[in-house]
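*Asks:* My structure file my_file-v6.txt, compact mmCIF, C-alpha atoms, is below:
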# COMPACT_ATOMS: atom_id res chain seq x y z
CA MET A 1 74.68 -71.31 85.93
CA MET A 2 73.17 -67.83 85.78
CA THR A 3 76.34 -66.51 84.14
CA THR A 4 76.19 -69.28 81.55
CA LEU A 5 72.56 -68.46 80.74
CA VAL A 6 73.27 -64.74 80.39
CA THR A 7 76.29 -65.49 78.19
CA LEU A 8 74.18 -67.85 76.07
CA ALA A 9 71.46 -65.21 75.71
CA LEU A 10 73.97 -62.56 74.59
CA ILE A 11 75.69 -64.89 72.11
CA PHE A 12 72.46 -66.08 70.51
CA VAL A 13 70.82 -62.63 70.34
CA GLU A 14 73.91 -61.42 68.49
CA LEU A 15 73.88 -64.47 66.21
CA SER A 16 70.19 -63.97 65.51
CA LEU A 17 70.75 -60.38 64.41
CA LEU A 18 73.66 -61.41 62.17
CA SER A 19 71.98 -64.39 60.54
CA PHE A 20 71.39 -62.79 57.16
CA GLY A 21 70.76 -65.53 54.64
CA GLY A 22 69.44 -68.09 57.12
CA GLY A 23 70.73 -70.28 59.92
CA ASN A 24 73.67 -71.83 58.11
CA THR A 25 75.49 -68.52 57.81
CA ILE A 26 75.95 -68.25 61.58
CA LEU A 27 77.24 -71.83 62.07
CA PRO A 28 80.92 -70.76 62.01
CA GLU A 29 80.42 -68.06 64.66
CA MET A 30 78.24 -70.38 66.76
CA GLN A 31 80.99 -73.00 66.61
CA ARG A 32 83.70 -70.44 67.41
CA GLN A 33 81.82 -69.13 70.46
CA ILE A 34 80.81 -72.53 71.83
CA VAL A 35 83.94 -74.58 71.02
CA GLU A 36 86.84 -72.12 70.88
CA VAL A 37 85.83 -69.22 73.13
CA HIS A 38 83.79 -70.90 75.88
CA HIS A 39 84.90 -74.57 75.54
CA TRP A 40 81.37 -75.82 76.25
CA MET A 41 81.91 -78.72 73.83
CA THR A 42 84.48 -80.13 71.41
CA ALA A 43 84.42 -79.63 67.62
CA THR A 44 83.35 -83.26 67.18
CA GLU A 45 80.49 -82.85 69.66
CA PHE A 46 79.41 -79.71 67.83
CA SER A 47 79.38 -81.56 64.50
CA ALA A 48 77.37 -84.37 66.12
CA ALA A 49 74.83 -81.82 67.37
CA PHE A 50 74.61 -80.41 63.86
CA ALA A 51 74.00 -83.91 62.50
CA LEU A 52 71.19 -84.52 65.02
CA ALA A 53 69.60 -81.21 64.04
CA GLN A 54 69.78 -82.22 60.38
CA ALA A 55 68.26 -85.60 61.11
CA ALA A 56 65.30 -84.04 62.95
CA PRO A 57 62.51 -82.31 61.04
CA GLY A 58 62.11 -78.55 61.12
CA PRO A 59 64.04 -75.38 60.36
CA ASN A 60 67.84 -75.61 60.05
CA LEU A 61 68.23 -73.17 62.93
CA MET A 62 66.86 -75.82 65.35
CA ILE A 63 70.44 -76.65 66.31
CA VAL A 64 70.35 -73.69 68.74
CA SER A 65 67.77 -75.43 70.94
CA LEU A 66 69.85 -78.60 71.09
CA LEU A 67 73.02 -76.65 71.89
CA GLY A 68 71.23 -74.78 74.70
CA TRP A 69 69.95 -78.04 76.12
CA ARG A 70 73.40 -79.66 75.92
CA ILE A 71 75.14 -76.73 77.61
CA ALA A 72 72.64 -75.81 80.35
CA GLY A 73 69.69 -78.22 80.27
CA LEU A 74 66.08 -77.04 79.93
CA PRO A 75 66.83 -73.43 81.00
CA GLY A 76 69.57 -73.36 78.36
CA LEU A 77 67.18 -74.65 75.72
CA ILE A 78 64.62 -71.97 76.54
CA VAL A 79 67.24 -69.21 76.62
CA THR A 80 68.94 -70.09 73.31
CA THR A 81 65.61 -70.67 71.54
CA LEU A 82 64.07 -67.38 72.70
CA ALA A 83 67.31 -65.46 72.16
CA THR A 84 67.54 -66.76 68.60
CA TYR A 85 63.94 -66.31 67.49
CA THR A 86 62.77 -63.17 69.34
CA PRO A 87 65.00 -60.55 67.63
CA ALA A 88 64.20 -61.98 64.18
CA PHE A 89 60.51 -62.10 65.12
CA ILE A 90 60.46 -58.40 66.07
CA LEU A 91 62.46 -57.41 62.99
CA THR A 92 60.15 -59.39 60.71
CA VAL A 93 57.03 -57.73 62.13
CA VAL A 94 58.61 -54.26 61.80
CA ALA A 95 59.94 -55.01 58.32
CA TYR A 96 56.61 -56.41 57.15
CA ASN A 97 55.00 -53.09 58.05
CA LEU A 98 57.68 -51.12 56.20
CA TRP A 99 57.97 -53.52 53.28
CA ASN A 100 55.58 -51.92 50.84
CA ARG A 101 56.87 -48.44 51.56
CA PHE A 102 60.51 -49.28 50.78
CA LYS A 103 59.98 -51.96 48.18
CA ASP A 104 61.44 -50.10 45.21
CA ARG A 105 64.09 -48.05 46.97
CA PRO A 106 67.48 -48.49 45.28
CA TRP A 107 69.41 -48.84 48.56
CA ARG A 108 67.50 -52.00 49.33
CA ARG A 109 68.87 -53.66 46.18
CA VAL A 110 72.38 -52.39 46.93
CA LEU A 111 72.23 -53.83 50.46
CA GLN A 112 70.86 -57.13 49.22
CA GLY A 113 73.42 -57.35 46.39
CA GLY A 114 76.27 -56.59 48.80
CA LEU A 115 75.16 -59.30 51.20
CA VAL A 116 74.86 -62.10 48.60
CA PRO A 117 78.60 -62.92 48.31
CA VAL A 118 79.06 -62.65 52.09
CA THR A 119 76.15 -65.05 52.64
CA ALA A 120 77.71 -67.47 50.14
CA GLY A 121 81.08 -67.23 51.88
CA LEU A 122 79.50 -67.84 55.28
CA VAL A 123 77.67 -70.96 54.09
CA CYS A 124 80.98 -72.26 52.62
CA SER A 125 82.75 -71.53 55.93
CA GLY A 126 80.02 -73.38 57.83
CA ALA A 127 80.42 -76.39 55.53
CA ALA A 128 84.21 -76.34 55.99
CA ILE A 129 84.08 -76.10 59.78
CA ILE A 130 81.37 -78.73 60.27
CA THR A 131 83.12 -81.13 57.88
CA ALA A 132 86.47 -80.66 59.62
CA GLY A 133 84.81 -81.56 62.93
CA ALA A 134 82.92 -84.57 61.54
CA ASP A 135 85.48 -86.24 59.24
CA THR A 136 88.03 -87.59 61.69
CA THR A 137 88.83 -90.68 59.55
CA ILE A 138 89.22 -91.47 55.83
CA LEU A 139 86.02 -93.53 55.90
CA LEU A 140 83.99 -90.62 57.30
CA ALA A 141 85.49 -88.32 54.67
CA ALA A 142 84.40 -90.83 52.01
CA ILE A 143 80.84 -90.80 53.42
CA THR A 144 80.84 -86.99 53.21
CA LEU A 145 82.13 -87.08 49.63
CA ILE A 146 79.57 -89.65 48.48
CA SER A 147 76.73 -87.75 50.22
CA THR A 148 77.76 -84.49 48.56
CA ILE A 149 77.87 -86.08 45.09
CA VAL A 150 74.55 -87.90 45.54
CA ILE A 151 72.76 -84.71 46.64
CA LEU A 152 74.23 -82.63 43.82
CA ALA A 153 73.86 -85.18 41.02
CA THR A 154 70.56 -86.86 41.88
CA ARG A 155 67.19 -85.92 43.35
CA THR A 156 67.61 -88.24 46.34
CA HIS A 157 65.80 -87.08 49.49
CA PRO A 158 68.25 -85.72 52.13
CA LEU A 159 66.82 -88.14 54.69
CA VAL A 160 67.85 -91.10 52.48
CA VAL A 161 71.38 -89.69 52.34
CA LEU A 162 71.47 -89.30 56.14
CA GLY A 163 70.25 -92.91 56.45
CA PHE A 164 73.03 -94.04 54.13
CA GLY A 165 75.56 -92.16 56.26
CA ALA A 166 74.31 -93.80 59.48
CA ALA A 167 74.38 -97.28 57.86
CA ALA A 168 77.81 -96.72 56.33
CA GLY A 169 79.10 -95.57 59.71
CA ILE A 170 77.97 -98.86 61.33
CA VAL A 171 79.22 -101.10 58.50
CA GLY A 172 82.49 -99.21 58.21
CA ALA A 173 83.09 -99.53 61.98
CA GLY A 174 84.11 -103.16 61.40
CA PHE A 175 87.03 -102.05 59.31
CA TRP A 176 88.48 -99.41 61.60
CA MET B 1 44.91 -69.49 43.78
CA THR B 2 43.75 -66.31 45.52
CA PRO B 3 43.26 -66.27 49.26
CA GLN B 4 39.55 -65.66 48.65
CA SER B 5 39.17 -69.02 46.95
CA ALA B 6 39.82 -70.37 50.47
CA ALA B 7 41.41 -73.58 51.66
CA ASN B 8 39.54 -76.85 51.58
CA GLY B 9 37.03 -76.91 54.38
CA THR B 10 38.04 -73.55 55.80
CA PRO B 11 34.99 -71.83 57.30
CA GLU B 12 34.02 -68.28 56.41
CA LEU B 13 36.24 -65.81 58.25
CA PRO B 14 36.11 -62.09 58.87
CA GLU B 15 38.32 -59.98 56.66
CA THR B 16 41.70 -59.12 58.13
CA ALA B 17 42.95 -56.98 55.26
CA PRO B 18 41.05 -55.57 52.32
CA GLY B 19 40.24 -58.37 49.94
CA HIS B 20 41.78 -61.13 52.08
CA VAL B 21 40.13 -63.88 54.05
CA GLY B 22 42.59 -65.85 56.09
CA PRO B 23 43.22 -68.59 58.58
CA THR B 24 42.44 -68.27 62.29
CA THR B 25 45.17 -68.18 64.93
CA THR B 26 44.54 -71.87 65.66
CA GLN B 27 44.74 -72.76 61.97
CA LEU B 28 48.00 -70.83 61.71
CA PHE B 29 49.43 -72.82 64.60
CA THR B 30 48.34 -76.23 63.30
CA GLY B 31 49.26 -75.42 59.70
CA PHE B 32 52.81 -74.47 60.63
CA LEU B 33 53.04 -77.32 63.16
CA LEU B 34 52.43 -79.82 60.33
CA LEU B 35 54.84 -77.97 58.05
CA GLY B 36 57.56 -78.12 60.72
CA LEU B 37 56.99 -81.83 61.28
CA MET B 38 57.13 -82.70 57.58
CA GLY B 39 60.25 -80.78 56.74
CA PHE B 40 63.09 -83.21 57.19
CA GLY B 41 66.34 -81.62 56.02
CA GLY B 42 64.83 -78.12 55.92
CA VAL B 43 61.28 -76.83 55.71
CA LEU B 44 61.67 -74.27 52.97
CA PRO B 45 61.38 -76.58 49.94
CA LEU B 46 58.03 -77.84 51.28
CA SER B 47 56.64 -74.48 52.31
CA ARG B 48 55.55 -73.36 48.85
CA ARG B 49 53.52 -76.51 48.26
CA VAL B 50 51.76 -76.24 51.61
CA LEU B 51 51.20 -72.48 51.76
CA VAL B 52 50.33 -71.78 48.13
CA GLU B 53 48.99 -75.01 46.66
CA GLU B 54 47.38 -76.83 49.57
CA ARG B 55 46.21 -74.22 52.09
CA ARG B 56 46.05 -71.30 49.65
CA TRP B 57 47.00 -68.76 52.29
CA LEU B 58 49.13 -66.95 49.69
CA THR B 59 49.14 -66.59 45.94
CA SER B 60 52.25 -67.63 44.08
CA ASP B 61 53.33 -63.98 43.69
CA GLU B 62 52.67 -63.17 47.33
CA TYR B 63 54.75 -66.19 48.32
CA LEU B 64 57.72 -65.05 46.22
CA GLU B 65 57.51 -61.51 47.55
CA LEU B 66 57.39 -62.68 51.18
CA LEU B 67 60.21 -65.15 50.54
CA GLY B 68 62.41 -62.32 49.23
CA LEU B 69 61.69 -60.22 52.32
CA CYS B 70 62.25 -63.11 54.72
CA GLN B 71 65.50 -64.22 53.09
CA PHE B 72 66.77 -60.67 53.32
CA LEU B 73 65.95 -60.35 57.03
CA PRO B 74 68.18 -62.00 59.63
CA GLY B 75 66.85 -65.20 61.18
CA GLY B 76 65.68 -68.46 59.69
CA THR B 77 63.84 -67.89 56.43
CA ILE B 78 61.00 -70.24 57.32
CA THR B 79 60.52 -68.90 60.85
CA ASN B 80 60.44 -65.37 59.40
CA MET B 81 57.87 -66.55 56.83
CA ALA B 82 55.74 -67.99 59.63
CA THR B 83 56.00 -64.70 61.56
CA ALA B 84 55.07 -62.57 58.54
CA ILE B 85 52.16 -64.78 57.42
CA GLY B 86 50.78 -65.07 60.95
CA TYR B 87 51.09 -61.32 61.42
CA ARG B 88 49.42 -60.60 58.11
CA PHE B 89 46.30 -62.58 58.97
CA ARG B 90 45.99 -62.31 62.76
CA GLY B 91 48.42 -59.64 63.97
CA LEU B 92 50.91 -60.38 66.77
CA ALA B 93 48.88 -63.31 68.14
CA GLY B 94 48.86 -64.92 64.71
CA ALA B 95 52.59 -64.31 64.29
CA ALA B 96 53.35 -65.90 67.68
CA ALA B 97 51.06 -68.87 66.93
CA ALA B 98 52.70 -69.49 63.55
CA ILE B 99 56.31 -69.33 64.75
CA LEU B 100 55.57 -71.49 67.81
CA GLY B 101 53.85 -73.96 65.50
CA VAL B 102 56.78 -74.26 63.16
CA ILE B 103 59.39 -74.80 65.90
CA ALA B 104 57.41 -76.73 68.57
CA ALA B 105 57.42 -80.25 67.15
CA PRO B 106 60.99 -80.11 65.82
CA VAL B 107 62.30 -79.04 69.26
CA VAL B 108 60.62 -82.04 70.92
CA VAL B 109 61.87 -84.49 68.26
CA LEU B 110 65.36 -83.04 68.37
CA ILE B 111 65.67 -83.26 72.16
CA GLY B 112 64.35 -86.83 71.94
CA LEU B 113 67.12 -87.67 69.47
CA GLY B 114 69.62 -85.93 71.76
CA ILE B 115 68.51 -88.06 74.72
CA ILE B 116 68.80 -91.26 72.65
CA TYR B 117 72.25 -90.17 71.52
CA ASP B 118 73.37 -89.51 75.11
CA ARG B 119 72.02 -92.80 76.43
CA PHE B 120 73.58 -94.98 73.76
CA GLN B 121 76.68 -92.93 73.03
CA SER B 122 78.96 -95.50 74.67
CA ASP B 123 77.53 -98.32 72.51
CA PRO B 124 80.09 -98.61 69.67
CA ILE B 125 77.45 -99.34 67.03
CA VAL B 126 75.40 -96.27 67.95
CA ARG B 127 78.53 -94.17 68.19
CA HIS B 128 79.60 -95.19 64.69
CA MET B 129 76.09 -94.65 63.41
CA PHE B 130 76.12 -91.07 64.63
CA LEU B 131 79.65 -90.51 63.28
CA GLY B 132 78.42 -91.66 59.86
CA LEU B 133 75.32 -89.50 60.23
CA ALA B 134 77.49 -86.46 61.00
CA ALA B 135 79.66 -87.18 57.96
CA ALA B 136 76.60 -87.40 55.69
CA ALA B 137 75.15 -84.21 57.22
CA SER B 138 78.44 -82.46 56.33
CA GLY B 139 77.88 -83.63 52.75
CA LEU B 140 74.43 -81.97 52.73
CA LEU B 141 76.03 -78.74 53.87
CA ILE B 142 78.77 -78.91 51.21
CA ALA B 143 76.12 -79.54 48.55
CA LEU B 144 74.17 -76.51 49.79
CA ALA B 145 77.35 -74.39 49.61
CA VAL B 146 78.00 -75.58 46.03
CA LYS B 147 74.42 -74.72 45.01
CA ILE B 148 74.73 -71.24 46.49
CA VAL B 149 78.13 -70.52 44.94
CA ALA B 150 77.43 -72.03 41.48
CA PRO B 151 75.24 -69.16 40.20
CA MET B 152 78.04 -66.72 41.11
CA ARG B 153 80.55 -68.19 38.63
CA ASN B 154 80.14 -65.23 36.23
CA HIS B 155 80.60 -62.78 39.06
CA PRO B 156 84.36 -62.76 39.90
CA ALA B 157 84.08 -59.92 42.43
CA GLY B 158 81.41 -61.87 44.30
CA ILE B 159 83.54 -65.03 44.32
CA ALA B 160 86.53 -63.03 45.58
CA ILE B 161 84.43 -61.62 48.44
CA ALA B 162 83.08 -65.09 49.27
CA LEU B 163 86.66 -66.47 49.29
CA LEU B 164 87.86 -63.67 51.57
CA CYS B 165 84.96 -64.51 53.84
CA VAL B 166 85.99 -68.20 53.98
CA VAL B 167 89.59 -67.26 54.77
CA ALA B 168 88.52 -64.81 57.50
CA ILE B 169 85.90 -67.04 59.13
CA ALA B 170 86.91 -70.67 58.56
CA ILE B 171 90.71 -70.34 58.57
CA LEU B 172 91.58 -67.22 60.58
CA LYS B 173 88.51 -67.68 62.85
CA LEU B 174 87.84 -63.95 62.95
CA PRO B 175 84.65 -62.81 64.73
CA LEU B 176 81.56 -62.63 62.53
CA LEU B 177 80.34 -59.07 63.16
CA PRO B 178 83.39 -57.04 61.99
CA THR B 179 84.03 -59.50 59.13
CA MET B 180 80.48 -59.18 57.91
CA VAL B 181 80.42 -55.39 58.17
CA VAL B 182 83.66 -55.01 56.20
CA LEU B 183 82.82 -57.56 53.50
CA ALA B 184 79.22 -56.36 53.09
CA ALA B 185 80.58 -52.82 52.64
CA VAL B 186 82.98 -54.10 49.95
CA GLY B 187 80.11 -56.00 48.33
CA MET B 188 77.87 -52.93 48.30
CA THR B 189 80.68 -50.83 46.82
CA VAL B 190 80.94 -53.38 44.01
CA VAL B 191 77.19 -53.20 43.43
CA VAL B 192 77.28 -49.40 43.30
CA CYS B 193 80.34 -49.23 41.00
CA PHE B 194 79.32 -52.13 38.73
CA PRO B 195 75.53 -52.16 38.96
CA ARG B 196 75.14 -55.31 36.88
CA ALA B 197 77.75 -57.40 38.68
CA GLY B 198 76.23 -57.54 42.12
CA GLN B 199 72.73 -58.60 41.15
CA ARG B 200 71.43 -61.94 42.27
CA PRO B 201 71.85 -64.11 39.16
Can the structure from this file be put into C-alpha cells for me?

*Replies:*
Amino acid sequence: MMTTLVTLALIFVELSLLSFGGGNTILPEMQRQIVEVHHWMTATEFSAAFALAQAAPGPNLMIVSLLGWRIAGLPGLIVTTLATYTPAFILTVVAYNLWNRFKDRPWRRVLQGGLVPVTAGLVCSGAAIITAGADTTILLAAITLISTIVILATRTHPLVVLGFGAAAGIVGAGFW
Amino acid sequence: MTPQSAANGTPELPETAPGHVGPTTTQLFTGFLLLGLMGFGGVLPLSRRVLVEERRWLTSDEYLELLGLCQFLPGGTITNMATAIGYRFRGLAGAAAAILGVIAAPVVVLIGLGIIYDRFQSDPIVRHMFLGLAAAASGLLIALAVKIVAPMRNHPAGIAIALLCVVAIAILKLPLLPTMVVLAAVGMTVVVCFPRAGQRP
C-alpha cells in the first residue's frame, strides 16, 4: 500500500510539472503509467474514469482524484490530488511574482511558441487514446462521431451531449 | 469594470495592492467553490463571466493577462488562475482558499458518481449508460483537439511537430518527458528561425 502511494505521488508530481497547456495534455502519459506500466486498471476502465470526470463539474484535471481513489481508496485520492496540484500551486505563486519582470523578454515568447504545437499534439494523442479505450463497438464509435460533430457544428452544451451519449448507450444496448 | 468599483454587496476592504480593493479569503473560497460547481465540462469558459463581469475581481485586461500566464504554466489553467487571483488579493492564504474552493465540490461530486458507478456497474442498463457516456466524452475530447489544431492550418511546421507528437505518444507510447523536451526544442528552433511561423495564431 505504502509503495503504491509513493509511486502514485511520484507519477502525479511528474505529470503536474509536465502539464503545460492544461490537464488534457497529460492524459496519454497518465494512461500509459496507470494502464500499461503499473496495470492498476484496464484501458476501458480508464476511459470510463475519464467519462465520469467529464460528467462531473469542475476542472478537467479532476480525473486525478478519481484515479487515486480507484487505485488506493481515500489515501490514494489525497495523494494524487495533492501531488497534482501542489507543484503547480508553488510554480504559479513564484511565476506570479516574476511575471511583470519577465513579461516582455523575447525568450518567453520563444518558449511559448515552441510549446504550442507540442500541446496541440498532446491533446490529439489524449483524444486518440481515450477514444480507443471507449469505442469498443461500432455503436459506441457512432456515439463518439455524432458527439464530435454536434460539439463542433452547434453551440450545444457539453452536458447535453453527455446526456445524449448515456441515453444512446442504453437504447443501443437492445441492439447489441 | 475596475476592481475599485467593487462587487455587488462587497463590504469595504483594506487595500492589498496599490489601487486594488479585493475579496476576503472567505469570499475567495466561496467564489471559486461556486465557479467549480457550475462548470460542467470545464470551468474555464465560465470563469471570465464570473470573475470579470459578476464579481469584478479583475478587469477584462487583467483577466487576459492572467489567463496567458496560467495557460503557459504547467497545471490546470483554472486551478492556476484560482491560485494567482487568491495570491494577488490575500497572499498564500488566499491562494490556498481559492484553489481548495475550486476543487472541493467537484471532488465530492466525482467520488459520488464513482460510487454510483461501482454499485450499479453489474446492472446492464447502467453499464451501457456509462459506455455511451464514455463514448460521448471521447467526442468532446476530439472536438477540443480539432479546435486546438484548426488555427494551426497555416503553420505546416507546427502541424508536423504535432503529428510527430501523436506518433510518439499515442502510437509508439514513448514516455512524455523526453518526447516533450525534444519536440519543444524543435518547436523553439522553428520559432527562432522563422519568427512569424511559431506565433500563436

*Asks:* Counting only C-alpha atoms, what is within 7 Å of stretch 135-144 of chain A, bar same-chain residues fewer than 2 positions away, as a ChimeraX atom specification?

*Replies:* /A:131-133,146-148,165 /B:132,135-136,138-139

*Asks:* Could you write out as an MDAnalysis selection string the residues of chain A within 6 Å of chain B, counting all atoms listed in the file?

*Replies:* chainID A and resid 16:17 19:23 29 48 51 54 56:60 88 110 113:115 117:118 120:121 123:125 127 131 134 140 143:144 147:148 152 158 162 165:166 169:170

*Asks:* Please provide as a PyMOL selection string all residues within 10 Å of stretch 1-10 of chain A, with the sequence filter that same-chain residues fewer than 2 positions apart are discarded (counting all atoms listed in the file).

*Replies:* chain A and resi 12-16+33-34+38+40+67-68+71-72+75-84

*Asks:* Suppose you want the space between atom CA of B:Asp61 and atom CA of B:Arg48; what is it in Å?

*Replies:*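 Calculated distance between atom CA of B:Asp61 and atom CA of B:Arg48 is 10.9 Å.
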
*Asks:* So how far away is atom CA of A:Ala153 from atom CA of A:Ala167, in Å?

*Replies:*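 Computing the Euclidean distance for atom CA of A:Ala167 and atom CA of A:Ala153 yields 20.7 Å.
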
*Asks:* Nearest residue to B:Ala97 out of B:Phe194, B:Gly22, B:Leu28, B:Pro178, using only C-alpha atoms?

*Replies:*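 Closest to B:Ala97, using only C-alpha atoms: B:Leu28.
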
*Asks:* Please, what is the axis-aligned box for every listed atom of stretch 7-17 of chain A with 3 Å on each side, as centre and edge lengths in Å to one decimal, as JSON?

*Replies:*
{"center_x": 73.2, "center_y": -64.1, "center_z": 71.3, "size_x": 12.1, "size_y": 13.5, "size_z": 19.8}

*Asks:* Grab the atom CA of B:Leu58 to atom CA of B:Phe89 distance for me, in Å with one decimal place.

*Replies:*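 That distance, rounded to one decimal, is 10.6 Å.
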
*Asks:* Taking only C-alpha atoms into account, name the residue in A:Leu91, A:Val160, A:Gly172, A:Ile130 that is nearest to A:Val35.

*Replies:* A:Ile130

*Asks:* Looking at only C-alpha atoms, which of A:Leu98, A:Ile90, A:Leu66, A:Leu61 is the one that sits closest to A:Ala49?

*Replies:*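 Using only C-alpha atoms, the shortest distance to A:Ala49 belongs to A:Leu66.
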